[in-house]
Amino acid sequence: MPTKTLQIPTADGQADAFAAFPDHGEQHPGVLMYADGFGIRPVLREMARELAGQGYYVLVPNLFHRHGPAPVVELPEHIGEEARPAIFARLMPLIEAHTAARVLSDADAYVRFLTAQPEVGAGPVAVTGYCIGGLYAMRTAAAHPGQVAAVAAFHGPVGADGPDLFAELTAQVHLGHAEGDMTPEALGELNQALDAAGVSYTSEIYPGTIHGFTMSDTDAFSASGLKRHWDHLLPLLDRTLGNS
């Protein structure tokens with residue numbers, strides 16, 4: 001599986017990024033993948049390669065490029081519960097500094113760069129994101145109607161911007177919530193807001209999961225949750241991006 005480390009021009013300098021894509025020589029649909037707050041690391045590279053193996057060009061940007069190249073915060077090989085407080089103490093100022101305006105400015109740069117790659121075919125793209133990256137994915141899809149055909153977010157605070165964000169969506173949506181993050185009542189309210197906005201979506205709680213369940217280098221990891229994530233994500237991409 002070919003991979004590249006790339007530099008994406010943004011309004012605030014170069015953003016380093018990781019890309020994976022099939023080794024067939026032809027063009028493929030593009031997918032923008034937003035990492036969780038821990039950023040680009042081996043598990044994200046592996047997920048990008050796995051998705052690329054299904055016939056996609058996958059671009060994973062460094063969300064916090066304004067603070068340096070990835071990894072912006074040094075991470076252990078396994079992010080256990082004992083390590084999380086110190087890591088989050090360093091991460092939270094970066095997340096707080098990454099304002100909605102910066103997310104949207106970067107999103108413009110990322111989508112423009114992705115669609116300009118020679119390995120990426122003409123047509124719409126998709127966006128997927130994890131944890132805080134799930135919210136960034138939703139914002140990106142809402143800001144690029146017609147260009148983003150699908151958006152998926154997993155264990156992400158997707159309702160943080162309120163229903164106004166949903167009203168801007170034209171993409172098909174899948175939301176996979178952690179059982180530890182979302183009560184059935186909160187899920188009902190979220191889905192009602194999506195209905196009211198006319199969004200084409202699926203949105204469900206993944207049983208037996210806690211926040212971060214897709215990430216195999218954390219204590220939150222759920223093998224069944226990760227499989228369920230692929231079982232939803234791949235058909236969504238195939239359906240919306242016309243990938244055969």
# chains A, B, ... in the order shown; residues from 1 in each chain; ligands from 1

call {"tool": "residues_around", "arguments": {"residues": "range 145-162 of chain A", "least_positions_apart": "3", "cutoff": "7 Å", "atoms": "only C-alpha atoms", "output": "ChimeraX atom specification"}}
result
/A:124-135,137-138,141-142,165,169-178,211-212,233,237,240

call {"tool": "closest_atom_pairs", "arguments": {"of": "range 102-203 of chain A", "to": "range 7-21 of chain A", "cutoff": "9 Å", "atoms": "only C-alpha atoms", "output": "tab-separated table"}}
result
residue	atom	partner	partner_atom	distance
A:Ser105	CA	A:Ala11	CA	7.0
A:Asp106	CA	A:Thr10	CA	6.2
A:Asp108	CA	A:Thr10	CA	8.4
A:Ala109	CA	A:Thr10	CA	5.5
A:Tyr110	CA	A:Ile8	CA	7.0
A:Phe113	CA	A:Ile8	CA	6.7
A:Glu119	CA	A:Phe21	CA	7.9

call {"tool": "residues_around", "arguments": {"residues": "Ser222 in chain A", "least_positions_apart": "6", "cutoff": "7 Å", "atoms": "only C-alpha atoms", "output": "PyMOL selection string"}}
result
chain A and resi 209+213-214

call {"tool": "write_last_selection", "arguments": {"atoms": "C-alpha atoms", "output": "PDB file, in the first residue's frame"}}
result
ATOM      1  CA  THR A 209     -18.613   0.819  23.971  1.00  0.00           C
ATOM      2  CA  PHE A 213     -13.721   2.641  21.110  1.00  0.00           C
ATOM      3  CA  THR A 214     -12.233   2.623  17.585  1.00  0.00           C
TER       4      THR A 214
END

call {"tool": "residues_around", "arguments": {"residues": "Gln117 in chain A", "least_positions_apart": "3", "cutoff": "12 Å", "atoms": "only C-alpha atoms", "output": "VMD selection string"}}
result
chain A and resid 4 6 8 19 to 21 26 to 31 57 to 59 110 to 114 120 to 122

call {"tool": "residues_around", "arguments": {"residues": "Ala107 in chain A", "least_positions_apart": "5", "cutoff": "9 Å", "atoms": "only C-alpha atoms", "output": "PDB file with all heavy atoms, in the first residue's frame"}}
result
ATOM      1  N   ARG A 102     -10.830  28.329  12.531  1.00  0.00           N
ATOM      2  CA  ARG A 102      -9.627  27.633  12.075  1.00  0.00           C
ATOM      3  C   ARG A 102      -9.980  26.276  11.461  1.00  0.00           C
ATOM      4  O   ARG A 102      -9.381  25.877  10.459  1.00  0.00           O
ATOM      5  CB  ARG A 102      -8.649  27.451  13.238  1.00  0.00           C
ATOM      6  CG  ARG A 102      -7.907  28.713  13.608  1.00  0.00           C
ATOM      7  CD  ARG A 102      -6.916  28.493  14.735  1.00  0.00           C
ATOM      8  NE  ARG A 102      -5.982  29.607  14.845  1.00  0.00           N
ATOM      9  CZ  ARG A 102      -4.980  29.660  15.733  1.00  0.00           C
ATOM     10  NH1 ARG A 102      -4.803  28.654  16.588  1.00  0.00           N
ATOM     11  NH2 ARG A 102      -4.171  30.703  15.757  1.00  0.00           N
ATOM     12  N   ARG A 112      -9.498  21.158  -0.887  1.00  0.00           N
ATOM     13  CA  ARG A 112      -8.873  21.625  -2.126  1.00  0.00           C
ATOM     14  C   ARG A 112      -7.649  20.764  -2.474  1.00  0.00           C
ATOM     15  O   ARG A 112      -7.452  20.364  -3.621  1.00  0.00           O
ATOM     16  CB  ARG A 112      -8.475  23.096  -1.970  1.00  0.00           C
ATOM     17  CG  ARG A 112      -7.932  23.750  -3.229  1.00  0.00           C
ATOM     18  CD  ARG A 112      -7.886  25.256  -3.078  1.00  0.00           C
ATOM     19  NE  ARG A 112      -7.108  25.683  -1.921  1.00  0.00           N
ATOM     20  CZ  ARG A 112      -7.633  26.297  -0.848  1.00  0.00           C
ATOM     21  NH1 ARG A 112      -8.939  26.526  -0.780  1.00  0.00           N
ATOM     22  NH2 ARG A 112      -6.862  26.657   0.140  1.00  0.00           N
ATOM     23  N   TYR A 136     -15.227  17.972  13.628  1.00  0.00           N
ATOM     24  CA  TYR A 136     -14.578  18.663  12.514  1.00  0.00           C
ATOM     25  C   TYR A 136     -15.077  18.112  11.174  1.00  0.00           C
ATOM     26  O   TYR A 136     -15.234  18.868  10.205  1.00  0.00           O
ATOM     27  CB  TYR A 136     -13.063  18.520  12.593  1.00  0.00           C
ATOM     28  CG  TYR A 136     -12.431  19.084  13.844  1.00  0.00           C
ATOM     29  CD1 TYR A 136     -11.119  18.752  14.194  1.00  0.00           C
ATOM     30  CD2 TYR A 136     -13.121  19.942  14.699  1.00  0.00           C
ATOM     31  CE1 TYR A 136     -10.527  19.253  15.335  1.00  0.00           C
ATOM     32  CE2 TYR A 136     -12.536  20.443  15.854  1.00  0.00           C
ATOM     33  CZ  TYR A 136     -11.227  20.094  16.163  1.00  0.00           C
ATOM     34  OH  TYR A 136     -10.642  20.588  17.305  1.00  0.00           O
ATOM     35  N   ALA A 137     -15.318  16.808  11.131  1.00  0.00           N
ATOM     36  CA  ALA A 137     -15.843  16.194   9.901  1.00  0.00           C
ATOM     37  C   ALA A 137     -17.226  16.753   9.567  1.00  0.00           C
ATOM     38  O   ALA A 137     -17.525  17.061   8.400  1.00  0.00           O
ATOM     39  CB  ALA A 137     -15.898  14.679  10.048  1.00  0.00           C
ATOM     40  N   ARG A 139     -18.460  19.656  10.489  1.00  0.00           N
ATOM     41  CA  ARG A 139     -18.310  21.046  10.061  1.00  0.00           C
ATOM     42  C   ARG A 139     -17.816  21.128   8.617  1.00  0.00           C
ATOM     43  O   ARG A 139     -18.265  21.978   7.844  1.00  0.00           O
ATOM     44  CB  ARG A 139     -17.334  21.769  10.991  1.00  0.00           C
ATOM     45  CG  ARG A 139     -17.883  22.047  12.385  1.00  0.00           C
ATOM     46  CD  ARG A 139     -16.803  22.619  13.290  1.00  0.00           C
ATOM     47  NE  ARG A 139     -17.328  22.994  14.597  1.00  0.00           N
ATOM     48  CZ  ARG A 139     -16.567  23.356  15.636  1.00  0.00           C
ATOM     49  NH1 ARG A 139     -15.243  23.379  15.508  1.00  0.00           N
ATOM     50  NH2 ARG A 139     -17.121  23.672  16.786  1.00  0.00           N
ATOM     51  N   THR A 140     -16.890  20.239   8.263  1.00  0.00           N
ATOM     52  CA  THR A 140     -16.348  20.233   6.905  1.00  0.00           C
ATOM     53  C   THR A 140     -17.437  19.895   5.896  1.00  0.00           C
ATOM     54  O   THR A 140     -17.557  20.542   4.846  1.00  0.00           O
ATOM     55  CB  THR A 140     -15.195  19.223   6.808  1.00  0.00           C
ATOM     56  OG1 THR A 140     -14.151  19.603   7.715  1.00  0.00           O
ATOM     57  CG2 THR A 140     -14.629  19.152   5.396  1.00  0.00           C
ATOM     58  N   ALA A 143     -19.850  22.744   5.415  1.00  0.00           N
ATOM     59  CA  ALA A 143     -19.270  23.892   4.719  1.00  0.00           C
ATOM     60  C   ALA A 143     -19.018  23.626   3.239  1.00  0.00           C
ATOM     61  O   ALA A 143     -18.704  24.561   2.503  1.00  0.00           O
ATOM     62  CB  ALA A 143     -17.960  24.302   5.391  1.00  0.00           C
ATOM     63  N   HIS A 144     -19.146  22.357   2.822  1.00  0.00           N
ATOM     64  CA  HIS A 144     -18.870  22.001   1.421  1.00  0.00           C
ATOM     65  C   HIS A 144     -20.025  21.189   0.838  1.00  0.00           C
ATOM     66  O   HIS A 144     -19.835  20.062   0.375  1.00  0.00           O
ATOM     67  CB  HIS A 144     -17.547  21.231   1.328  1.00  0.00           C
ATOM     68  CG  HIS A 144     -16.363  22.044   1.750  1.00  0.00           C
ATOM     69  ND1 HIS A 144     -15.968  22.142   3.061  1.00  0.00           N
ATOM     70  CD2 HIS A 144     -15.516  22.820   1.030  1.00  0.00           C
ATOM     71  CE1 HIS A 144     -14.910  22.939   3.132  1.00  0.00           C
ATOM     72  NE2 HIS A 144     -14.620  23.365   1.925  1.00  0.00           N
TER      73      HIS A 144
END

call {"tool": "residues_around", "arguments": {"residues": "Met1 in chain A", "least_positions_apart": "4", "cutoff": "9 Å", "atoms": "only C-alpha atoms", "output": "JSON, numbers by chain"}}
result
{"A": [20, 21, 22, 23, 49, 52, 53]}

call {"tool": "select_by_dssp", "arguments": {"residues": "range 39-156 of chain A", "states": "strand (DSSP E or B)", "output": "PyMOL selection string"}}
result
chain A and resi 57-61+79+120+125-130+148-154

call {"tool": "closest_residue", "arguments": {"among": "A:Gly188, A:Gly180, A:Pro163, A:Pro235", "to": "Ile210 in chain A", "atoms": "only C-alpha atoms"}}
result
A:Gly180

call {"tool": "residues_around", "arguments": {"residues": "Asp195 in chain A", "least_positions_apart": "4", "cutoff": "12 Å", "atoms": "only C-alpha atoms", "output": "list in words"}}
result
Pro163, Phe166, Ala167, Leu169, Val173, Gly188, Glu189, Leu190, Asn191, Val199, Ser200, Tyr201, Thr202 and Ser203 of chain A
